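Next comes start_29.csv, a file with CSV, C-alpha atoms and all ligand atoms.
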chain,number,residue,atom,x,y,z
C,11,MET,CA,-12.8,-0.1,-1.1
C,12,SER,CA,-13.9,-0.9,2.5
C,13,SER,CA,-13.3,-4.4,3.7
C,14,PHE,CA,-17.0,-4.4,4.7
C,15,GLN,CA,-18.3,-3.9,1.2
C,16,GLY,CA,-20.9,-6.6,0.4
C,17,ARG,CA,-20.1,-8.5,3.6
C,18,ASP,CA,-22.6,-10.6,5.7
C,19,ILE,CA,-22.8,-9.7,9.4
C,20,LEU,CA,-24.0,-13.1,10.8
C,21,SER,CA,-22.1,-13.4,14.1
C,22,ILE,CA,-20.0,-10.9,16.0
C,23,ARG,CA,-17.2,-13.5,15.9
C,24,ASP,CA,-16.9,-12.7,12.1
C,25,LEU,CA,-15.6,-9.2,13.1
C,26,SER,CA,-12.0,-8.7,14.2
C,27,ARG,CA,-11.0,-6.1,16.7
C,28,ALA,CA,-10.0,-3.8,13.9
C,29,ASP,CA,-13.3,-4.2,12.2
C,30,ILE,CA,-15.2,-3.3,15.4
C,31,GLU,CA,-13.0,-0.3,15.9
C,32,LEU,CA,-13.7,0.8,12.3
C,33,VAL,CA,-17.4,0.6,12.8
C,34,LEU,CA,-17.3,2.5,16.1
C,35,LYS,CA,-15.2,5.4,14.6
C,36,ALA,CA,-17.5,5.5,11.5
C,37,ALA,CA,-20.5,5.7,13.9
C,38,LYS,CA,-19.1,8.7,15.7
C,39,LYS,CA,-18.8,10.5,12.4
C,40,MET,CA,-22.5,9.7,11.6
C,41,VAL,CA,-23.8,11.4,14.8
C,42,PRO,CA,-24.7,14.7,13.0
C,43,VAL,CA,-26.3,12.9,10.1
C,44,ALA,CA,-28.3,10.7,12.6
C,45,ALA,CA,-29.5,13.9,14.3
C,46,GLY,CA,-30.6,15.4,11.0
C,47,SER,CA,-28.2,18.3,11.3
C,48,ARG,CA,-26.1,17.2,8.3
C,49,ARG,CA,-27.4,15.6,5.1
C,50,SER,CA,-26.2,12.6,3.4
C,51,LYS,CA,-27.2,10.8,0.2
C,52,SER,CA,-24.6,8.1,0.4
C,53,LEU,CA,-27.1,5.3,0.0
C,54,GLU,CA,-29.3,6.9,-2.6
C,55,GLY,CA,-30.8,4.3,-4.9
C,56,LYS,CA,-30.1,1.5,-2.5
C,57,ILE,CA,-32.9,-0.7,-1.1
C,58,LEU,CA,-32.7,-2.6,2.2
C,59,ALA,CA,-35.1,-5.5,2.9
C,60,THR,CA,-36.1,-6.0,6.5
C,61,LEU,CA,-37.6,-9.4,7.2
C,62,PHE,CA,-38.8,-9.7,10.7
C,63,TYR,CA,-40.3,-13.1,11.6
C,64,GLU,CA,-40.2,-12.1,15.3
C,65,PRO,CA,-41.4,-8.9,17.1
C,66,SER,CA,-39.1,-5.9,17.1
C,67,THR,CA,-39.4,-2.2,17.8
C,68,ARG,CA,-35.9,-0.7,18.1
C,69,THR,CA,-34.0,-2.9,15.7
C,70,ARG,CA,-36.4,-2.6,12.8
C,71,LEU,CA,-37.2,1.1,13.2
C,72,SER,CA,-33.6,2.1,13.7
C,73,PHE,CA,-32.6,0.1,10.5
C,74,GLU,CA,-35.4,1.9,8.7
C,75,SER,CA,-34.4,5.3,10.0
C,76,ALA,CA,-30.7,4.7,9.3
C,77,MET,CA,-31.5,3.8,5.7
C,78,ALA,CA,-33.8,6.9,5.3
C,79,ARG,CA,-31.2,9.2,6.8
C,80,LEU,CA,-28.7,8.0,4.2
C,81,GLY,CA,-31.1,8.5,1.3
C,82,GLY,CA,-31.9,4.8,0.8
C,83,ARG,CA,-35.2,3.0,0.9
C,84,VAL,CA,-36.6,0.0,2.9
C,85,LEU,CA,-39.2,-2.7,2.2
C,86,GLY,CA,-40.1,-5.7,4.2
C,87,PHE,CA,-42.4,-7.2,6.7
C,88,SER,CA,-42.9,-7.2,10.5
C,89,GLY,CA,-44.5,-10.4,11.5
C,90,THR,CA,-45.3,-13.0,8.9
C,91,GLU,CA,-49.0,-12.4,8.8
C,92,GLY,CA,-50.0,-11.4,5.3
C,93,THR,CA,-46.9,-13.0,3.8
C,94,SER,CA,-46.4,-16.3,1.9
C,95,VAL,CA,-44.7,-17.6,5.1
C,96,GLN,CA,-48.2,-18.3,6.2
C,97,LYS,CA,-48.7,-20.5,3.2
C,98,GLY,CA,-45.6,-22.5,4.1
C,99,GLU,CA,-42.9,-20.9,2.0
C,100,THR,CA,-39.5,-21.8,3.2
C,101,LEU,CA,-36.9,-19.3,4.4
C,102,ALA,CA,-34.7,-20.3,1.4
C,103,ASP,CA,-37.4,-19.5,-1.1
C,104,THR,CA,-38.3,-16.2,0.5
C,105,ILE,CA,-34.6,-15.1,0.5
C,106,ARG,CA,-34.1,-16.1,-3.1
C,107,MET,CA,-36.9,-13.9,-4.1
C,108,VAL,CA,-36.2,-10.9,-1.9
C,109,GLU,CA,-32.7,-10.9,-3.3
C,110,SER,CA,-34.0,-9.5,-6.6
C,111,TYR,CA,-36.0,-6.8,-4.8
C,112,SER,CA,-33.2,-5.4,-2.6
C,113,ASP,CA,-29.4,-4.7,-2.1
C,114,ALA,CA,-29.1,-6.1,1.4
C,115,ILE,CA,-31.3,-8.2,3.7
C,116,VAL,CA,-31.8,-7.7,7.5
C,117,LEU,CA,-33.3,-10.8,9.0
C,118,ARG,CA,-34.7,-11.6,12.4
C,119,HIS,CA,-35.9,-15.1,12.9
C,120,PRO,CA,-36.8,-17.4,15.8
C,121,GLN,CA,-34.4,-20.2,14.8
C,122,GLU,CA,-30.8,-20.2,15.7
C,123,GLY,CA,-28.6,-20.3,12.6
C,124,ALA,CA,-31.4,-18.8,10.4
C,125,ALA,CA,-29.2,-15.9,9.2
C,126,ARG,CA,-26.4,-18.1,8.3
C,127,LEU,CA,-28.7,-20.4,6.4
C,128,ALA,CA,-30.2,-17.4,4.6
C,129,ALA,CA,-26.8,-16.2,3.5
C,130,GLU,CA,-26.2,-19.4,1.7
C,131,PHE,CA,-29.1,-18.7,-0.6
C,132,THR,CA,-28.2,-15.2,-1.7
C,133,GLU,CA,-25.2,-13.2,-2.9
C,134,ARG,CA,-26.6,-10.1,-1.2
C,135,PRO,CA,-25.2,-9.2,2.2
C,136,VAL,CA,-27.3,-10.6,5.0
C,137,ILE,CA,-27.4,-8.9,8.4
C,138,ASN,CA,-28.4,-11.0,11.4
C,139,ALA,CA,-30.9,-9.0,13.5
C,140,GLY,CA,-31.3,-11.8,16.0
C,141,ASP,CA,-31.6,-15.6,15.4
C,142,GLY,CA,-33.5,-17.2,18.2
C,143,ALA,CA,-31.2,-17.5,21.3
C,144,GLY,CA,-28.2,-17.3,19.0
C,145,GLN,CA,-26.6,-14.0,18.2
C,146,HIS,CA,-27.5,-10.3,17.7
C,147,PRO,CA,-24.3,-8.8,16.3
C,148,THR,CA,-25.6,-5.3,15.4
C,149,GLN,CA,-27.0,-4.9,18.9
C,150,THR,CA,-23.5,-5.7,20.2
C,151,LEU,CA,-21.9,-3.0,18.0
C,152,LEU,CA,-24.2,-0.4,19.5
C,153,ASP,CA,-23.6,-1.8,23.0
C,154,LEU,CA,-19.9,-1.4,22.4
C,155,TYR,CA,-20.3,2.0,21.0
C,156,THR,CA,-22.2,3.0,24.2
C,157,ILE,CA,-19.5,1.7,26.5
C,158,TRP,CA,-16.8,3.4,24.5
C,159,ASP,CA,-18.7,6.7,24.2
C,160,GLU,CA,-19.7,6.8,27.9
C,161,LYS,CA,-16.6,5.4,29.5
C,162,GLY,CA,-13.9,6.4,27.0
C,163,SER,CA,-12.6,2.8,26.6
C,164,ILE,CA,-13.7,-0.8,26.6
C,165,GLU,CA,-10.5,-2.6,27.5
C,166,GLY,CA,-10.1,-3.1,31.3
C,167,GLN,CA,-13.7,-2.1,32.2
C,168,ASN,CA,-15.5,-4.4,34.7
C,169,VAL,CA,-18.6,-5.4,32.9
C,170,THR,CA,-21.3,-7.3,34.7
C,171,LEU,CA,-24.0,-9.1,32.6
C,172,VAL,CA,-27.1,-9.9,34.5
C,173,GLY,CA,-30.3,-11.8,33.8
C,174,ASP,CA,-31.1,-14.4,31.2
C,175,LEU,CA,-27.6,-15.4,30.0
C,176,ARG,CA,-28.8,-18.7,28.6
C,177,TYR,CA,-31.4,-17.5,26.1
C,178,GLY,CA,-30.4,-13.9,25.7
C,179,ARG,CA,-28.8,-13.4,22.3
C,180,THR,CA,-27.6,-9.9,23.0
C,181,VAL,CA,-25.4,-11.1,25.9
C,182,HIS,CA,-24.0,-14.0,23.8
C,183,SER,CA,-22.7,-11.7,21.1
C,184,LEU,CA,-21.6,-9.1,23.6
C,185,THR,CA,-19.6,-11.6,25.6
C,186,TYR,CA,-17.6,-12.7,22.5
C,187,ALA,CA,-16.9,-9.1,21.6
C,188,LEU,CA,-15.9,-8.0,25.2
C,189,ALA,CA,-13.6,-11.0,25.4
C,190,GLU,CA,-12.0,-9.9,22.1
C,191,LEU,CA,-11.6,-6.3,23.4
C,192,GLY,CA,-10.2,-7.2,26.8
C,193,ALA,CA,-13.0,-6.2,29.2
C,194,HIS,CA,-13.3,-8.0,32.6
C,195,LEU,CA,-16.5,-10.1,32.7
C,196,THR,CA,-18.8,-11.0,35.5
C,197,PHE,CA,-21.9,-13.2,34.8
C,198,VAL,CA,-24.9,-13.0,37.2
C,199,SER,CA,-27.9,-15.3,36.5
C,200,PRO,CA,-30.2,-17.8,38.2
C,201,PRO,CA,-28.5,-21.3,38.1
C,202,THR,CA,-30.8,-22.4,35.3
C,203,LEU,CA,-30.0,-19.5,33.1
C,204,GLU,CA,-26.2,-19.4,33.0
C,205,MET,CA,-24.1,-18.4,30.1
C,206,PRO,CA,-23.7,-21.4,27.7
C,207,ARG,CA,-20.6,-23.5,28.4
C,208,GLU,CA,-19.1,-23.0,24.9
C,209,ILE,CA,-19.1,-19.2,25.3
C,210,LEU,CA,-17.5,-19.5,28.7
C,211,GLU,CA,-14.9,-21.9,27.2
C,212,HIS,CA,-14.2,-19.3,24.5
C,213,VAL,CA,-13.6,-16.5,27.1
C,214,LYS,CA,-11.2,-18.9,29.0
C,215,GLU,CA,-9.3,-19.7,25.8
C,216,ARG,CA,-8.8,-16.0,25.3
C,217,GLY,CA,-6.9,-16.1,28.6
C,218,LEU,CA,-9.4,-13.9,30.4
C,219,ALA,CA,-10.5,-14.5,33.9
C,220,PHE,CA,-14.2,-14.1,34.6
C,221,ARG,CA,-16.5,-14.4,37.6
C,222,THR,CA,-19.9,-15.9,38.0
C,223,ALA,CA,-22.4,-15.0,40.8
C,224,HIS,CA,-26.0,-15.6,41.5
C,225,ARG,CA,-26.6,-12.5,43.6
C,226,LEU,CA,-26.2,-9.0,42.2
C,227,GLU,CA,-25.3,-7.5,45.6
C,228,GLU,CA,-22.0,-9.5,45.5
C,229,VAL,CA,-20.7,-7.7,42.5
C,230,MET,CA,-22.2,-4.2,42.5
C,231,ARG,CA,-19.3,-2.5,44.3
C,232,ASP,CA,-16.7,-3.0,41.5
C,233,SER,CA,-18.8,-3.0,38.4
C,234,ASP,CA,-18.2,-0.2,35.8
C,235,VAL,CA,-20.9,-1.4,33.5
C,236,LEU,CA,-24.1,-3.2,34.5
C,237,TYR,CA,-25.8,-4.8,31.5
C,238,VAL,CA,-29.2,-5.9,32.5
C,239,THR,CA,-31.4,-8.3,30.4
C,240,ARG,CA,-35.0,-9.4,30.2
C,241,ILE,CA,-35.8,-13.1,31.0
C,242,GLN,CA,-36.6,-14.3,27.5
C,243,LYS,CA,-40.0,-15.8,28.2
C,244,GLU,CA,-40.7,-16.8,24.6
C,245,ARG,CA,-37.7,-19.2,24.6
C,246,PHE,CA,-38.8,-21.3,27.6
C,247,PRO,CA,-40.0,-24.7,26.5
C,248,ASP,CA,-42.0,-24.9,29.8
C,249,PRO,CA,-44.0,-21.9,31.1
C,250,GLN,CA,-43.7,-23.2,34.7
C,251,GLU,CA,-39.9,-22.9,34.4
C,252,TYR,CA,-40.3,-19.3,33.4
C,253,GLU,CA,-42.5,-18.5,36.4
C,254,GLU,CA,-39.8,-19.9,38.7
C,255,VAL,CA,-37.2,-17.4,37.5
C,256,ALA,CA,-39.4,-14.4,36.4
C,257,GLY,CA,-38.5,-11.4,38.5
C,258,SER,CA,-35.2,-12.9,39.8
C,259,TYR,CA,-33.4,-9.6,39.6
C,260,ARG,CA,-34.5,-6.0,40.1
C,261,VAL,CA,-32.1,-3.1,39.9
C,262,ASP,CA,-33.6,-0.4,42.1
C,263,GLU,CA,-32.3,2.6,44.1
C,264,ALA,CA,-31.5,0.5,47.1
C,265,ILE,CA,-29.1,-1.8,45.2
C,266,LEU,CA,-27.5,1.2,43.7
C,267,ARG,CA,-26.3,2.5,47.1
C,268,ASP,CA,-23.2,0.2,46.6
C,269,ALA,CA,-22.6,1.3,43.0
C,270,LYS,CA,-19.4,3.1,41.8
C,271,ARG,CA,-20.0,6.8,41.0
C,272,GLY,CA,-19.3,6.2,37.3
C,273,LEU,CA,-21.4,3.0,36.9
C,274,ILE,CA,-23.5,2.9,33.8
C,275,ILE,CA,-26.6,0.8,33.5
C,276,MET,CA,-27.4,-0.7,30.1
C,277,HIS,CA,-30.3,-2.8,28.8
C,278,PRO,CA,-31.0,-3.8,25.2
C,279,LEU,CA,-34.7,-3.1,25.9
C,280,PRO,CA,-37.6,-3.9,26.2
C,281,ARG,CA,-37.3,-3.9,30.0
C,282,LEU,CA,-40.0,-5.4,32.2
C,283,SER,CA,-39.5,-5.4,36.0
C,284,GLU,CA,-35.7,-5.9,36.0
C,285,ILE,CA,-35.0,-2.1,36.2
C,286,ALA,CA,-37.2,-0.1,38.5
C,287,PRO,CA,-38.6,3.1,36.8
C,288,GLU,CA,-37.0,5.2,39.6
C,289,VAL,CA,-33.6,4.2,38.2
C,290,ASP,CA,-34.3,6.2,35.0
C,291,ARG,CA,-33.8,9.5,36.8
C,292,THR,CA,-30.3,8.5,38.1
C,293,LYS,CA,-27.1,9.4,36.4
C,294,HIS,CA,-26.3,5.7,35.9
C,295,ALA,CA,-29.1,5.0,33.5
C,296,VAL,CA,-27.9,5.1,29.9
C,297,TYR,CA,-30.3,2.6,28.3
C,298,PHE,CA,-32.3,5.1,26.3
C,299,LYS,CA,-29.2,6.8,25.1
C,300,GLN,CA,-28.0,3.3,24.2
C,301,ALA,CA,-31.2,2.7,22.1
C,302,SER,CA,-30.6,6.0,20.3
C,303,ASN,CA,-27.0,5.0,19.5
C,304,ALA,CA,-28.6,2.3,17.4
C,305,LEU,CA,-29.0,5.0,14.7
C,306,PRO,CA,-25.4,6.2,14.0
C,307,VAL,CA,-24.1,2.7,14.5
C,308,ARG,CA,-26.5,1.0,12.0
C,309,MET,CA,-26.0,4.0,9.6
C,310,ALA,CA,-22.2,3.4,9.8
C,311,LEU,CA,-22.6,-0.3,9.2
C,312,LEU,CA,-25.0,0.1,6.2
C,313,ASP,CA,-22.7,2.7,4.7
C,314,LEU,CA,-19.7,0.4,5.0
C,315,ILE,CA,-21.5,-2.5,3.5
C,316,LEU,CA,-23.6,-0.8,0.8
C,317,GLY,CA,-22.0,2.5,0.2
C,318,GLY,CA,-18.5,3.8,-0.2
C,319,GLY,CA,-18.0,4.4,3.5
C,320,GLU,CA,-14.4,4.6,4.7
N,1,LIG,C1,-33.4,-7.8,22.3
N,1,LIG,C2,-33.6,-8.9,21.3
N,1,LIG,O1,-34.5,-8.9,20.5
N,1,LIG,O2,-32.8,-9.9,21.4
N,1,LIG,N1,-34.0,-6.6,21.8
N,1,LIG,C3,-33.3,-5.8,21.0
N,1,LIG,O3,-33.1,-6.1,19.9
N,1,LIG,N2,-33.0,-4.6,21.5
N,1,LIG,C4,-33.6,-8.1,23.7
N,1,LIG,C5,-34.9,-8.7,24.2
N,1,LIG,O4,-35.8,-8.9,23.4
N,1,LIG,O5,-34.9,-8.9,25.4
Could you render the structure from this file as structure tokens?
Ligand code: NCD
Amino acid sequence: MSSFQGRDILSIRDLSRADIELVLKAAKKMVPVAAGSRRSKSLEGKILATLFYEPSTRTRLSFESAMARLGGRVLGFSGTEGTSVQKGETLADTIRMVESYSDAIVLRHPQEGAARLAAEFTERPVINAGDGAGQHPTQTLLDLYTIWDEKGSIEGQNVTLVGDLRYGRTVHSLTYALAELGAHLTFVSPPTLEMPREILEHVKERGLAFRTAHRLEEVMRDSDVLYVTRIQKERFPDPQEYEEVAGSYRVDEAILRDAKRGLIIMHPLPRLSEIAPEVDRTKHAVYFKQASNALPVRMALLDLILGGGE
């Protein structure tokens, strides 16, 4: 039996290095099934509930597609309109009920800690698909898969994270994982959007050196991976504060003149103006590939949790 069977995925910190490597290898084997060239019924009869209290395109659709490719089914909601949440139902009550309709629950919620709270009210595995500015562990698994697949290794890579490091949940989870896996980290953000102190402390405790910078130009030359993020407008308490930092960074062809030949540019998407469309045509751009990697990675994870995977 896999060590993943029935397990919650709430924070990337709950996964060891061995766990992460297991998922990445299982994901690689899922590629032909994800592409539709090999059939699988490994999750036949299983039902996944997807409860999205916040907008989502890739995360929800790739979970749904992953389940369908493995012969399972999905139910859930996308936005709370039309659900009892509008009548004031608590998260705890919704979870208690959805438990009897499904075998596992994927939850995206605006409040940090929501997935952990949900997990206390159900025996079913809960997968955190983003809790406010907290964590987004399954995004991190597909981000790690992308680095591993594109660069051949994760350890020793110079990874530069740029943009909204304060509110961006993808970079919070990714930083923990990259520290665990021995990548060299550089953080680039406006002064008001720096990586939270406790995460930087954690990186330090792992004995890893890291750099911080405010200007992208300073760090382009030695980056192997550039992970660009959107400024998370919806998390700003004050719209004026957002206006001050909106558009702080823009990766365009000019800035790429200093880039290493093998640099890969990643983004969890959606992107706004932080990556110029002209960059899409360059060999550096892997963000759409990254988004498509969501499928084999989420398939592997669901198979490990719900099926007999590995
Ligand atoms: C991210 C998110 O929701 O945190 N999107 C995603 O899941 N790929 C990033 C974002 O919204 O900026």
Original post:
If you count only C-alpha atoms, which residues fall within 7 Å of Gln15 in chain C, apart from same-chain ones fewer than 4 positions away, as a list in words?
Top reply: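 Final neighbour list, sorted by chain and number: Leu314, Ile315 and Leu316 of chain C.
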Original post:
Could you list, as a ChimeraX atom specification, all the residues within 9 Å of ligand LIG 1 (chain N), counting all atoms listed in the file?
Top reply: /C:64-70,118,139-143,145-146,148-149,174,178-181,239-242,277-281,301
Would you tabulate, counting all atoms listed in the file, all residues of range 84-178 of chain C that have an atom at most 12 Å from an atom of range 195-219 of chain C, showing the closest pair of atoms and their distance in Å to one decimal, sorted by chain then ascending number, as JSON lines?
{"residue": "C:Ala143", "atom": "CA", "partner": "C:Pro206", "partner_atom": "CA", "distance": 10.6}
{"residue": "C:Gly144", "atom": "CA", "partner": "C:Pro206", "partner_atom": "CA", "distance": 10.6}
{"residue": "C:Gln145", "atom": "CA", "partner": "C:Ile209", "partner_atom": "CA", "distance": 11.6}
{"residue": "C:Ile164", "atom": "CA", "partner": "C:Leu195", "partner_atom": "CA", "distance": 11.5}
{"residue": "C:Glu165", "atom": "CA", "partner": "C:Leu195", "partner_atom": "CA", "distance": 10.9}
{"residue": "C:Gly166", "atom": "CA", "partner": "C:Leu195", "partner_atom": "CA", "distance": 9.6}
{"residue": "C:Gln167", "atom": "CA", "partner": "C:Leu195", "partner_atom": "CA", "distance": 8.5}
{"residue": "C:Asn168", "atom": "CA", "partner": "C:Leu195", "partner_atom": "CA", "distance": 6.1}
{"residue": "C:Val169", "atom": "CA", "partner": "C:Leu195", "partner_atom": "CA", "distance": 5.2}
{"residue": "C:Thr170", "atom": "CA", "partner": "C:Thr196", "partner_atom": "CA", "distance": 4.5}
{"residue": "C:Leu171", "atom": "CA", "partner": "C:Phe197", "partner_atom": "CA", "distance": 5.1}
{"residue": "C:Val172", "atom": "CA", "partner": "C:Val198", "partner_atom": "CA", "distance": 4.7}
{"residue": "C:Gly173", "atom": "CA", "partner": "C:Ser199", "partner_atom": "CA", "distance": 5.0}
{"residue": "C:Asp174", "atom": "CA", "partner": "C:Leu203", "partner_atom": "CA", "distance": 5.6}
{"residue": "C:Leu175", "atom": "CA", "partner": "C:Met205", "partner_atom": "CA", "distance": 4.6}
{"residue": "C:Arg176", "atom": "CA", "partner": "C:Leu203", "partner_atom": "CA", "distance": 4.7}
{"residue": "C:Tyr177", "atom": "CA", "partner": "C:Leu203", "partner_atom": "CA", "distance": 7.4}
{"residue": "C:Gly178", "atom": "CA", "partner": "C:Met205", "partner_atom": "CA", "distance": 8.9}
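When all atoms listed in the file are used to measure the gap to Val238 in chain C, the shortest distance among C:Phe298, C:Phe87, C:Tyr259, C:Tyr186 belongs to C:Tyr259.
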**OP:** Go ahead and compute the interatomic distance for CA of Thr93 in chain C and CA of Ser110 in chain C, in Å to one decimal.
**Re:** 16.9 Å
Subject >> Pairwise distance for CA of Leu152 in chain C and CA of Arg308 in chain C, rounded to one decimal in Å >> reply: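 Distance reported for this atom pair: 8.0 Å.
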**OP:** Could you tell me how far CA of Val41 in chain C lies from CA of Leu71 in chain C, in Å and to one decimal?
**Re:**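 About the pair CA of Val41 in chain C and CA of Leu71 in chain C: they are 17.0 Å apart.
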Subject >> Given only C-alpha atoms as the counted atoms, nearest of C:Ile30, C:Leu80, C:Val261, C:Ile19 to Pro147 in chain C >> reply: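 For Pro147 in chain C, the nearest of the candidates is C:Ile19.
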Subject >> Option closest in space to Arg83 in chain C, from C:Ala114, C:Phe62, C:Pro120, C:Ala102 [counting only C-alpha atoms] >> reply: C:Ala114
Subject >> Within 7 Å of Ile274 in chain C using all atoms listed in the file, minus same-chain residues under 5 positions, as JSON, numbers by chain >> reply: {"C": [234, 235, 236, 294, 295, 296]}
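With distances taken over all atoms listed in the file, C:Val307 is the one residue among C:Ser258, C:Arg221, C:Leu273, C:Val307 lying closest to Phe73 in chain C.
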**OP:** Could you tell me which of C:Thr150, C:Asn138, C:Gln121, C:Ser302 comes closest to Ala45 in chain C if we count all atoms listed in the file?
**Re:**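 Between C:Thr150, C:Asn138, C:Gln121, C:Ser302, the residue approaching Ala45 in chain C most closely is C:Ser302.
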Original post:
Using only C-alpha atoms, which residues sit within 6 Å of Val116 in chain C once same-chain residues fewer than 5 positions away are excluded, as a ChimeraX atom specification?
Top reply: /C:60,136-137
Starting from the incomplete input, reconstruct all heavy atoms of range 228-235 of chain C and report them as a short mmCIF file (atom, residue, chain, number, x, y, z; two decimals), keeping the file's coordinate frame.
data_model
loop_
_atom_site.label_atom_id
_atom_site.label_comp_id
_atom_site.auth_asym_id
_atom_site.auth_seq_id
_atom_site.Cartn_x
_atom_site.Cartn_y
_atom_site.Cartn_z
N GLU C 228 -23.44 -9.08 45.36
CA GLU C 228 -22.00 -9.50 45.50
C GLU C 228 -21.10 -8.72 44.59
O GLU C 228 -19.90 -8.67 44.84
CB GLU C 228 -21.87 -10.98 45.17
CG GLU C 228 -22.56 -11.94 46.11
CD GLU C 228 -22.64 -13.35 45.51
OE1 GLU C 228 -21.67 -13.78 44.84
OE2 GLU C 228 -23.68 -14.00 45.70
N VAL C 229 -21.62 -8.19 43.50
CA VAL C 229 -20.70 -7.70 42.50
C VAL C 229 -20.95 -6.18 42.16
O VAL C 229 -20.25 -5.61 41.32
CB VAL C 229 -20.85 -8.49 41.17
CG1 VAL C 229 -20.52 -9.95 41.43
CG2 VAL C 229 -22.24 -8.36 40.57
N MET C 230 -21.92 -5.57 42.84
CA MET C 230 -22.20 -4.20 42.50
C MET C 230 -21.05 -3.24 42.73
O MET C 230 -20.79 -2.35 41.93
CB MET C 230 -23.39 -3.68 43.43
CG MET C 230 -24.77 -3.99 42.94
SD MET C 230 -25.04 -3.60 41.22
CE MET C 230 -25.06 -1.82 41.29
N ARG C 231 -20.35 -3.48 43.82
CA ARG C 231 -19.30 -2.50 44.30
C ARG C 231 -18.21 -2.27 43.24
O ARG C 231 -17.72 -1.16 43.15
CB ARG C 231 -18.67 -3.12 45.54
CG ARG C 231 -18.50 -2.14 46.64
CD ARG C 231 -17.99 -2.84 47.89
NE ARG C 231 -19.08 -3.33 48.72
CZ ARG C 231 -19.75 -2.57 49.58
NH1 ARG C 231 -19.43 -1.30 49.72
NH2 ARG C 231 -20.74 -3.07 50.30
N ASP C 232 -17.85 -3.30 42.47
CA ASP C 232 -16.70 -3.00 41.50
C ASP C 232 -17.14 -3.09 40.06
O ASP C 232 -16.29 -3.23 39.19
CB ASP C 232 -15.55 -3.98 41.84
CG ASP C 232 -15.94 -5.43 41.81
OD1 ASP C 232 -17.09 -5.71 41.39
OD2 ASP C 232 -15.12 -6.28 42.20
N SER C 233 -18.42 -2.97 39.77
CA SER C 233 -18.80 -3.00 38.40
C SER C 233 -18.75 -1.54 37.78
O SER C 233 -19.16 -0.58 38.42
CB SER C 233 -20.29 -3.45 38.22
OG SER C 233 -20.41 -4.77 38.68
N ASP C 234 -18.21 -1.46 36.56
CA ASP C 234 -18.20 -0.20 35.80
C ASP C 234 -19.41 -0.10 34.90
O ASP C 234 -19.90 0.98 34.58
CB ASP C 234 -16.93 -0.05 34.98
CG ASP C 234 -15.68 -0.07 35.83
OD1 ASP C 234 -15.59 0.74 36.76
OD2 ASP C 234 -14.79 -0.92 35.56
N VAL C 235 -19.81 -1.27 34.41
CA VAL C 235 -20.90 -1.40 33.50
C VAL C 235 -21.84 -2.49 33.98
O VAL C 235 -21.37 -3.60 34.24
CB VAL C 235 -20.48 -1.70 32.05
CG1 VAL C 235 -21.68 -1.86 31.11
CG2 VAL C 235 -19.51 -0.65 31.51
#
